$ cat model-v7.txt   # compact mmCIF, C-alpha atoms
# COMPACT_ATOMS: atom_id res chain seq x y z
CA MET A 1 -22.88 -43.50 -6.89
CA SER A 2 -19.22 -44.28 -6.20
CA TRP A 3 -17.20 -42.22 -3.76
CA ARG A 4 -15.17 -40.83 -6.68
CA ALA A 5 -18.32 -39.63 -8.40
CA SER A 6 -19.54 -38.11 -5.15
CA ALA A 7 -16.23 -36.31 -4.68
CA ARG A 8 -16.36 -34.91 -8.21
CA THR A 9 -19.92 -33.71 -7.65
CA LEU A 10 -18.97 -32.06 -4.36
CA LEU A 11 -15.91 -30.40 -5.93
CA ALA A 12 -17.98 -29.06 -8.80
CA ALA A 13 -20.49 -27.63 -6.35
CA VAL A 14 -17.76 -25.91 -4.35
CA VAL A 15 -16.24 -24.39 -7.49
CA ALA A 16 -19.67 -23.18 -8.58
CA VAL A 17 -20.20 -21.46 -5.24
CA ILE A 18 -16.77 -19.79 -5.38
CA VAL A 19 -17.38 -18.55 -8.92
CA ALA A 20 -20.85 -17.33 -7.94
CA VAL A 21 -19.53 -15.05 -5.19
CA ILE A 22 -16.95 -13.45 -7.50
CA PRO A 23 -18.59 -10.64 -9.50
CA ALA A 24 -18.85 -11.70 -13.12
CA SER A 25 -17.56 -8.34 -14.25
CA ALA A 26 -14.45 -8.70 -12.08
CA GLN A 27 -13.76 -12.07 -13.71
CA ASP A 28 -14.24 -10.64 -17.21
CA THR A 29 -12.23 -7.40 -16.96
CA PRO A 30 -10.07 -7.35 -20.11
CA PRO A 31 -6.33 -7.41 -19.39
CA ASP A 32 -5.86 -4.43 -21.71
CA ALA A 33 -8.61 -2.37 -20.02
CA PRO A 34 -7.62 1.22 -19.18
CA LEU A 35 -5.82 1.66 -15.87
CA VAL A 36 -7.73 4.34 -13.94
CA ALA A 37 -6.53 5.93 -10.69
CA ILE A 38 -9.05 7.33 -8.23
CA ILE A 39 -7.35 9.86 -5.99
CA PRO A 40 -8.80 11.08 -2.67
CA LEU A 41 -11.50 13.71 -2.80
CA ASP A 42 -11.03 17.34 -1.79
CA GLY A 43 -13.76 19.27 -0.03
CA ALA A 44 -14.98 22.58 1.28
CA PRO A 45 -14.17 23.39 4.92
CA GLY A 46 -15.99 21.11 7.33
CA THR A 47 -16.45 18.26 4.83
CA SER A 48 -15.92 14.95 6.61
CA SER A 49 -12.62 13.35 5.63
CA ARG A 50 -13.99 9.99 6.73
CA ASP A 51 -17.04 10.34 4.48
CA MET A 52 -14.82 11.27 1.54
CA ARG A 53 -12.71 8.15 2.09
CA VAL A 54 -15.83 5.97 2.17
CA VAL A 55 -17.10 7.49 -1.08
CA VAL A 56 -13.78 6.86 -2.83
CA ARG A 57 -13.83 3.25 -1.66
CA GLY A 58 -17.42 2.78 -2.80
CA LEU A 59 -16.66 4.30 -6.18
CA ALA A 60 -13.61 2.05 -6.60
CA GLU A 61 -15.64 -1.05 -5.77
CA ALA A 62 -18.41 -0.03 -8.16
CA LEU A 63 -15.92 0.48 -11.00
CA ILE A 64 -14.37 -2.92 -10.27
CA GLU A 65 -17.86 -4.43 -10.32
CA ASP A 66 -18.59 -2.67 -13.61
CA GLY A 67 -15.60 -4.58 -14.95
CA ARG A 68 -14.57 -2.40 -17.88
CA VAL A 69 -11.58 -0.61 -16.35
CA GLN A 70 -8.76 -1.59 -14.04
CA VAL A 71 -8.80 0.46 -10.85
CA VAL A 72 -5.87 1.92 -8.91
CA SER A 73 -6.96 3.16 -5.50
CA GLY A 74 -6.30 2.79 -1.78
CA ASP A 75 -3.13 0.89 -0.90
CA ASP A 76 -2.26 0.35 -4.56
CA LEU A 77 -2.27 4.11 -5.15
CA VAL A 78 -0.17 4.72 -2.03
CA GLU A 79 2.37 2.13 -3.17
CA ARG A 80 2.63 3.56 -6.67
CA LEU A 81 2.96 7.16 -5.55
CA THR A 82 5.47 6.34 -2.80
CA GLU A 83 7.63 4.01 -4.89
CA GLY A 84 11.28 5.00 -4.57
CA LYS A 85 10.45 7.65 -1.96
CA ALA A 86 10.62 5.61 1.24
CA GLN A 87 13.76 7.43 2.42
CA THR A 88 12.16 10.83 1.74
CA LEU A 89 9.08 9.79 3.70
CA GLN A 90 11.25 8.68 6.62
CA GLU A 91 13.09 12.01 6.51
CA ALA A 92 9.72 13.78 6.71
CA ARG A 93 8.72 11.76 9.75
CA ASP A 94 12.08 12.15 11.49
CA ALA A 95 12.06 15.92 10.92
CA PHE A 96 8.52 16.13 12.32
CA ALA A 97 9.48 14.19 15.45
CA GLU A 98 12.53 16.39 16.00
CA GLY A 99 10.49 19.54 15.43
CA GLN A 100 7.88 18.45 17.95
CA LEU A 101 10.59 17.65 20.49
CA LEU A 102 12.15 21.08 20.09
CA MET A 103 8.75 22.71 20.49
CA ARG A 104 8.21 20.86 23.76
CA GLU A 105 11.67 21.95 24.89
CA GLY A 106 10.75 25.58 24.24
CA ASP A 107 12.84 26.05 21.07
CA PRO A 108 10.31 27.07 18.39
CA ASP A 109 12.95 29.04 16.48
CA ILE A 110 14.84 25.81 15.73
CA GLY A 111 11.81 23.54 15.75
CA LEU A 112 10.22 25.40 12.88
CA ALA A 113 13.20 24.56 10.64
CA PHE A 114 12.64 20.85 11.16
CA LEU A 115 8.88 21.21 10.80
CA ALA A 116 9.30 23.15 7.56
CA GLU A 117 11.60 20.43 6.24
CA SER A 118 9.00 17.84 7.23
CA VAL A 119 6.35 19.62 5.17
CA ALA A 120 8.72 19.91 2.21
CA ALA A 121 9.77 16.25 2.42
CA HIS A 122 6.14 15.13 2.63
CA GLY A 123 5.52 17.04 -0.59
CA ARG A 124 8.36 15.18 -2.28
CA ALA A 125 7.02 11.84 -1.00
CA GLY A 126 3.52 12.25 -2.47
CA SER A 127 1.86 12.89 0.88
CA PRO A 128 -0.43 15.69 -0.40
CA VAL A 129 -2.26 13.02 -2.38
CA VAL A 130 -2.22 9.89 -0.24
CA ARG A 131 -0.89 10.77 3.22
CA ARG A 132 -2.73 13.96 3.98
CA GLU A 133 -3.19 13.46 7.70
CA GLU A 134 0.56 13.32 8.34
CA MET A 135 1.32 16.31 6.17
CA ALA A 136 -1.51 18.35 7.71
CA ASP A 137 -0.13 17.62 11.18
CA ALA A 138 3.31 18.85 10.11
CA ALA A 139 1.89 22.01 8.54
CA PHE A 140 -0.29 22.75 11.57
CA ILE A 141 2.50 22.35 14.13
CA LEU A 142 4.71 24.42 11.84
CA ALA A 143 2.08 27.17 12.03
CA LYS A 144 2.21 26.95 15.82
CA ALA A 145 6.01 27.36 15.76
CA LEU A 146 5.79 30.30 13.38
CA LEU A 147 3.26 32.04 15.61
CA ALA A 148 5.61 31.53 18.54
CA VAL A 149 8.30 33.50 16.70
CA GLU A 150 5.67 36.05 15.56
CA ASP A 151 5.88 35.28 11.84
CA HIS A 152 2.13 35.61 11.29
CA GLU A 153 2.17 35.59 7.48
CA ALA A 154 4.14 32.34 7.29
CA ALA A 155 1.90 30.86 9.99
CA ARG A 156 -1.14 31.76 7.93
CA ASN A 157 0.35 30.01 4.87
CA ALA A 158 1.03 26.87 6.88
CA LEU A 159 -2.53 26.85 8.26
CA VAL A 160 -3.97 27.24 4.77
CA GLN A 161 -1.96 24.20 3.77
CA ALA A 162 -3.27 22.10 6.67
CA LEU A 163 -6.90 23.10 6.12
CA ARG A 164 -6.67 22.51 2.38
CA LEU A 165 -5.30 19.03 2.96
CA LEU A 166 -7.99 18.10 5.49
CA PRO A 167 -11.12 20.29 5.39
CA ASP A 168 -12.30 19.02 8.80
CA TYR A 169 -8.87 19.25 10.44
CA LEU A 170 -9.95 21.61 13.22
CA ASP A 171 -12.67 19.20 14.34
CA THR A 172 -10.08 16.66 15.48
CA GLN A 173 -7.03 18.76 16.33
CA THR A 174 -6.27 19.16 20.03
CA GLU A 175 -3.38 21.53 19.29
CA ALA A 176 -6.01 24.02 18.17
CA ALA A 177 -6.75 24.62 21.86
CA ASP A 178 -4.00 27.25 21.69
CA PRO A 179 -6.15 30.43 21.63
CA ALA A 180 -4.06 32.41 19.12
CA LEU A 181 -3.61 29.43 16.84
CA ARG A 182 -7.29 28.53 16.92
CA GLU A 183 -8.41 32.09 16.30
CA LEU A 184 -6.21 32.34 13.21
CA ALA A 185 -7.25 28.87 12.02
CA LEU A 186 -10.96 29.71 12.32
CA GLU A 187 -10.40 32.95 10.42
CA ILE A 188 -8.69 31.05 7.59
CA GLU A 189 -11.38 28.38 7.59
CA ALA A 190 -14.01 31.07 7.11
CA GLU A 191 -12.02 32.52 4.21
CA LEU A 192 -11.60 29.11 2.57
CA SER A 193 -15.34 28.43 2.88
CA ARG A 194 -15.90 31.26 0.40
CA ARG A 195 -13.48 29.73 -2.08
CA PRO A 196 -13.72 26.49 -4.09
CA PRO A 197 -11.85 23.39 -2.88
CA ARG A 198 -8.61 22.27 -4.43
CA ARG A 199 -9.12 20.78 -7.86
CA LEU A 200 -6.71 18.88 -10.05
CA SER A 201 -5.80 20.70 -13.25
CA ALA A 202 -5.53 18.80 -16.53
CA ALA A 203 -1.78 19.35 -16.64
CA GLY A 204 -1.46 18.22 -13.04
CA ALA A 205 -3.50 15.09 -13.77
CA ASP A 206 -1.23 14.31 -16.71
CA ALA A 207 1.86 14.62 -14.50
CA LEU A 208 0.26 12.44 -11.84
CA ALA A 209 -0.78 9.79 -14.38
CA GLY A 210 2.78 9.63 -15.66
CA ASP A 211 4.23 9.32 -12.17
CA ILE A 212 2.01 6.41 -11.13
CA GLN A 213 1.83 4.83 -14.61
CA VAL A 214 -1.92 4.89 -15.27
CA ASP A 215 -3.96 5.79 -18.34
CA GLU A 216 -6.50 8.05 -16.66
CA VAL A 217 -7.17 9.83 -13.39
CA ILE A 218 -10.44 10.53 -11.58
CA HIS A 219 -10.52 13.31 -9.02
CA GLY A 220 -13.53 14.71 -7.21
CA VAL A 221 -14.38 17.73 -5.10
CA VAL A 222 -17.18 18.31 -2.62
CA LEU A 223 -18.55 21.86 -2.79
CA ALA A 224 -19.93 23.83 0.13
CA ASP A 225 -23.53 22.83 -0.70
CA GLY A 226 -22.58 19.13 -0.76
CA THR A 227 -22.49 18.82 -4.55
CA VAL A 228 -19.94 16.27 -5.75
CA LEU A 229 -18.02 16.98 -8.95
CA LEU A 230 -16.05 14.06 -10.40
CA THR A 231 -13.72 14.66 -13.36
CA VAL A 232 -12.08 12.12 -15.68
CA TYR A 233 -8.68 13.19 -17.04
CA ARG A 234 -6.95 11.57 -20.01
CA ASN A 235 -3.85 12.62 -21.97
CA GLY A 236 -3.69 16.02 -20.33
CA GLU A 237 -7.37 16.83 -20.86
CA ALA A 238 -10.48 16.88 -18.69
CA VAL A 239 -12.69 14.62 -20.84
CA HIS A 240 -15.77 14.42 -18.63
CA GLU A 241 -17.28 15.96 -15.52
CA LEU A 242 -20.05 14.30 -13.54
CA ARG A 243 -22.15 16.28 -11.08
CA ARG A 244 -24.16 14.83 -8.21
CA PRO A 245 -26.17 17.20 -5.96
CA GLY A 246 -25.87 17.22 -2.17
CA PRO A 247 -26.22 16.75 0.65
CA PHE A 248 -22.90 14.96 0.81
CA ARG A 249 -22.70 11.92 3.04
CA ALA A 250 -21.01 8.53 3.24
CA ARG A 251 -23.49 6.11 1.71
CA ARG A 252 -23.37 2.41 2.46
CA LEU A 253 -21.10 0.59 0.03
CA GLU A 254 -24.02 -1.35 -1.45
CA ASP A 255 -25.99 1.84 -2.16
CA PRO A 256 -26.98 2.07 -5.88
CA TRP A 257 -25.61 5.63 -5.89
CA TYR A 258 -22.14 4.20 -6.54
CA ASP A 259 -23.30 2.25 -9.61
CA GLN A 260 -25.06 5.36 -10.91
CA VAL A 261 -21.80 7.27 -10.65
CA ALA A 262 -19.45 4.50 -11.81
CA ARG A 263 -21.23 3.69 -15.09
CA PRO A 264 -20.82 7.10 -16.80
CA LEU A 265 -17.29 7.46 -15.43
CA ALA A 266 -16.33 4.08 -16.93
CA ASP A 267 -17.97 5.14 -20.21
CA ALA A 268 -15.89 8.32 -20.25
CA ALA A 269 -12.71 6.41 -19.41
CA LEU A 270 -13.36 4.18 -22.44
CA GLY A 271 -14.01 7.15 -24.73
CA LEU A 272 -17.74 6.37 -24.99
CA GLU A 273 -20.68 8.71 -24.65
CA PRO A 274 -21.38 8.66 -20.87
CA ARG A 275 -24.72 7.10 -19.93
CA ASP A 276 -26.22 8.48 -16.76
CA LEU A 277 -28.17 5.80 -14.87
CA ASP A 278 -30.21 8.48 -13.07
CA PRO A 279 -32.02 10.60 -15.71
CA THR A 280 -33.17 13.09 -13.07
CA VAL A 281 -29.60 14.26 -12.52
CA VAL A 282 -27.78 16.28 -15.14
CA THR A 283 -24.39 15.03 -16.29
CA GLU A 284 -22.22 17.90 -17.43
CA ALA A 285 -19.32 17.80 -19.85
CA PRO A 286 -18.08 21.40 -20.05
CA ASP A 287 -15.08 22.55 -21.99
CA PRO A 288 -12.00 21.98 -19.85
CA THR A 289 -10.97 25.09 -17.98
CA PRO A 290 -7.55 26.48 -18.85
CA ASP A 291 -4.73 25.24 -16.68
CA PRO A 292 -3.31 27.71 -14.18
CA VAL A 293 0.08 29.05 -15.06
CA ASP A 294 2.75 27.49 -12.91
CA PRO A 295 5.00 29.92 -11.03
CA ASP A 296 8.54 30.53 -12.18
CA PRO A 297 10.53 27.31 -11.84
CA VAL A 298 12.79 26.94 -8.87
CA ASP A 299 15.09 24.24 -7.63
CA PRO A 300 12.77 21.16 -7.55
CA ASP A 301 14.70 19.56 -4.74
CA PRO A 302 15.57 22.23 -2.17
CA VAL A 303 18.41 21.25 0.10
CA ALA A 304 17.22 20.80 3.65
CA PRO A 305 19.22 22.31 6.51
CA ASP A 306 21.50 19.87 8.28
CA PRO A 307 19.55 18.87 11.40
CA ALA A 308 22.65 18.02 13.41
CA PRO A 309 23.90 21.39 14.79
CA ARG A 310 22.24 22.53 18.00
CA GLY A 311 24.37 25.54 19.05
CA LYS A 312 23.32 29.19 19.14
CA GLY A 313 24.81 29.95 15.74
CA ALA A 314 23.14 26.90 14.29
CA ARG A 315 19.80 28.10 15.68
CA ILE A 316 20.03 31.34 13.73
CA GLY A 317 21.08 29.54 10.54
CA LEU A 318 18.32 26.97 10.81
CA ALA A 319 15.65 29.55 11.54
CA ILE A 320 16.68 31.52 8.44
CA ALA A 321 16.84 28.34 6.36
CA ALA A 322 13.32 27.42 7.46
CA VAL A 323 11.89 30.41 5.62
CA ALA A 324 13.56 29.23 2.42
CA VAL A 325 12.31 25.69 2.92
CA VAL A 326 8.72 26.87 3.49
CA GLY A 327 8.83 28.93 0.32
CA ALA A 328 10.39 26.13 -1.71
CA ALA A 329 7.82 23.64 -0.43
CA ALA A 330 5.04 25.95 -1.51
CA THR A 331 6.26 26.72 -5.01
CA GLY A 332 8.90 24.21 -6.07
CA GLY A 333 8.82 21.08 -8.14
CA THR A 334 6.35 19.95 -10.76
CA LEU A 335 2.96 21.05 -9.51
CA TYR A 336 -0.32 19.25 -9.55
CA ALA A 337 -2.03 22.66 -9.63
CA LEU A 338 -5.31 22.31 -7.76
CA ASP A 339 -7.14 25.40 -8.93
CA ARG A 340 -10.93 25.50 -9.44
CA ARG A 341 -11.09 27.72 -12.53
CA GLY A 342 -7.52 28.37 -13.49
CA GLU A 343 -7.40 31.50 -11.38
CA PRO A 344 -4.17 32.38 -9.56
CA GLN A 345 -4.17 31.33 -5.93
CA ASP A 346 -1.63 31.63 -3.17
CA ALA A 347 1.34 29.30 -3.38
CA TRP A 348 0.14 26.91 -0.69
CA ASP A 349 -3.06 26.22 -2.68
CA LEU A 350 -0.94 24.99 -5.56
CA GLN A 351 0.95 22.47 -3.44
CA ILE A 352 0.77 18.95 -4.54
CA VAL A 353 4.41 18.52 -5.43
CA LEU A 354 5.62 15.74 -7.69
CA MET A 355 9.36 15.16 -7.70
CA GLN A 356 10.35 13.36 -10.89
$ encode --input "model-v7.txt" --output "structure tokens"
Amino acid sequence: MSWRASARTLLAAVVAVIVAVIPASAQDTPPDAPLVAIIPLDGAPGTSSRDMRVVVRGLAEALIEDGRVQVVSGDDLVERLTEGKAQTLQEARDAFAEGQLLMREGDPDIGLAFLAESVAAHGRAGSPVVRREEMADAAFILAKALLAVEDHEAARNALVQALRLLPDYLDTQTEAADPALRELALEIEAELSRRPPRRLSAAGADALAGDIQVDEVIHGVVLADGTVLLTVYRNGEAVHELRRPGPFRARRLEDPWYDQVARPLADAALGLEPRDLDPTVVTEAPDPTPDPVDPDPVDPDPVAPDPAPRGKGARIGLAIAAVAVVGAAATGGTLYALDRRGEPQDAWDLQIVLMQ
């Protein structure tokens, strides 16, 4: 055999190996396949945020392996949701840093204005969906500032926001060592444990799909007993709900559980009758629950207080403005209303704000 023939044989072998390690389904995904976004899970208090991230990653990989839909998740989702909002995100981070500095300097009355603006700006930047840790930090430190000025009701609202964003927030938060803050946070956590986690409404999913330019959205919740509910949304409707019983845990990425979940979800995304790969588990497809009624519209882009003044008069103005910013952050904008059964909830529960 000539050296040229040997080289061709070796090259063919290398190509065969490369093709073999690429999943066939990933190679064959049709270019016009539906674009499906998988957004981070929400969970009952105490649910591990890390485990929820692993499950989303495993589900995304299983759908890619299935090969019938195009998947938007992880960094791709962050990029799509943050597109055109880099300045707003930087404003959120700058306001948080300034608010923390003022708290350390013993000025909670001014610090809370910056912290409230940070929470509001994070809402405008898509952080309630893809940057929850940062937004939860801002809401939690805001609660600390509000307690320092004895505004207990506003502090409670801010804590609800933090604990809704990250159900295991108190497990990792050193700031919760503050006795008053921790006592209130534990009280709220107990209250939230008796209520369902945040859940994307059909109208909210439609708004989200339009913002990130996808055909369908998958969102899941982890209930208190560990049951996972995954819902497929298309054209403003909840078209399928898949239920998997607990206990909830982060399975290894190669666990067949992900394939069992991905197959019926891909079926539903394609408009097919979902086929459950595990016949011992019931797949439910209930009628979509009615969407919660959004609150009266307000200015979708509340004007933040100018962070420059630092005099006594400015302190009073900023402290007053902070109350307006907190309220606007909780109720303003186009809402991804995360309500379990369409029942009215407090304004902070409805916060996943999309600024068009």
$ closest_residue --input "model-v7.txt" --among "A:Ile38, A:Ala92, A:Val228, A:Leu184" --to "Arg124 in chain A" --atoms "all atoms listed in the file"
A:Ala92
$ residues_around --input "model-v7.txt" --residues "range 263-267 of chain A" --least-positions-apart "5" --cutoff "8 Å" --atoms "all atoms listed in the file" --output "ChimeraX atom specification"
/A:63,66,68-69,232,240,242,272-277
$ write_last_selection --input "model-v7.txt" --atoms "C-alpha atoms" --output "PDB file, keeping the file's coordinate frame"
ATOM      1  CA  LEU A  63     -15.920   0.480 -11.000  1.00  0.00           C
ATOM      2  CA  ASP A  66     -18.590  -2.670 -13.610  1.00  0.00           C
ATOM      3  CA  ARG A  68     -14.570  -2.400 -17.880  1.00  0.00           C
ATOM      4  CA  VAL A  69     -11.580  -0.610 -16.350  1.00  0.00           C
ATOM      5  CA  VAL A 232     -12.080  12.120 -15.680  1.00  0.00           C
ATOM      6  CA  HIS A 240     -15.770  14.420 -18.630  1.00  0.00           C
ATOM      7  CA  LEU A 242     -20.050  14.300 -13.540  1.00  0.00           C
ATOM      8  CA  LEU A 272     -17.740   6.370 -24.990  1.00  0.00           C
ATOM      9  CA  GLU A 273     -20.680   8.710 -24.650  1.00  0.00           C
ATOM     10  CA  PRO A 274     -21.380   8.660 -20.870  1.00  0.00           C
ATOM     11  CA  ARG A 275     -24.720   7.100 -19.930  1.00  0.00           C
ATOM     12  CA  ASP A 276     -26.220   8.480 -16.760  1.00  0.00           C
ATOM     13  CA  LEU A 277     -28.170   5.800 -14.870  1.00  0.00           C
TER      14      LEU A 277
END
$ closest_residue --input "model-v7.txt" --among "A:Ala139, A:Leu146, A:Ala125, A:Ala202" --to "Glu79 in chain A" --atoms "only C-alpha atoms"
A:Ala125
$ atom_distance --input "model-v7.txt" --atom1 "CA of Arg182 in chain A" --atom2 "CA of Ala138 in chain A"
15.9 Å
$ residues_around --input "model-v7.txt" --residues "Asp137 in chain A" --least-positions-apart "2" --cutoff "9 Å" --atoms "all atoms listed in the file" --output "list of chain:residue names"
A:Phe96, A:Arg132, A:Glu133, A:Glu134, A:Met135, A:Ala139, A:Phe140, A:Ile141, A:Leu142, A:Ala162, A:Tyr169, A:Gln173
$ residues_around --input "model-v7.txt" --residues "Leu192 in chain A" --least-positions-apart "4" --cutoff "8 Å" --atoms "all atoms listed in the file" --output "VMD selection string"
chain A and resid 44 to 45 188 196 to 197
$ closest_residue --input "model-v7.txt" --among "A:His152, A:Arg50, A:His122, A:Arg198" --to "Thr88 in chain A" --atoms "all atoms listed in the file"
A:His122
$ residues_around --input "model-v7.txt" --residues "range 97-102 of chain A" --least-positions-apart "6" --cutoff "10 Å" --atoms "only C-alpha atoms" --output "JSON, numbers by chain"
{"A": [91, 108, 109, 110, 111, 112, 113, 114, 115, 116, 117, 118, 138, 141, 142, 145, 307]}
$ residues_near_point --input "model-v7.txt" --point "(-0.8, 28.7, 5.9)" --cutoff "9 Å" --atoms "only C-alpha atoms" --output "PyMOL selection string"
chain A and resi 139-140+143+153-163+185+188+348
$ closest_residue --input "model-v7.txt" --among "A:Glu191, A:Tyr233, A:Arg244, A:Asp206" --to "Tyr258 in chain A" --atoms "all atoms listed in the file"
A:Arg244
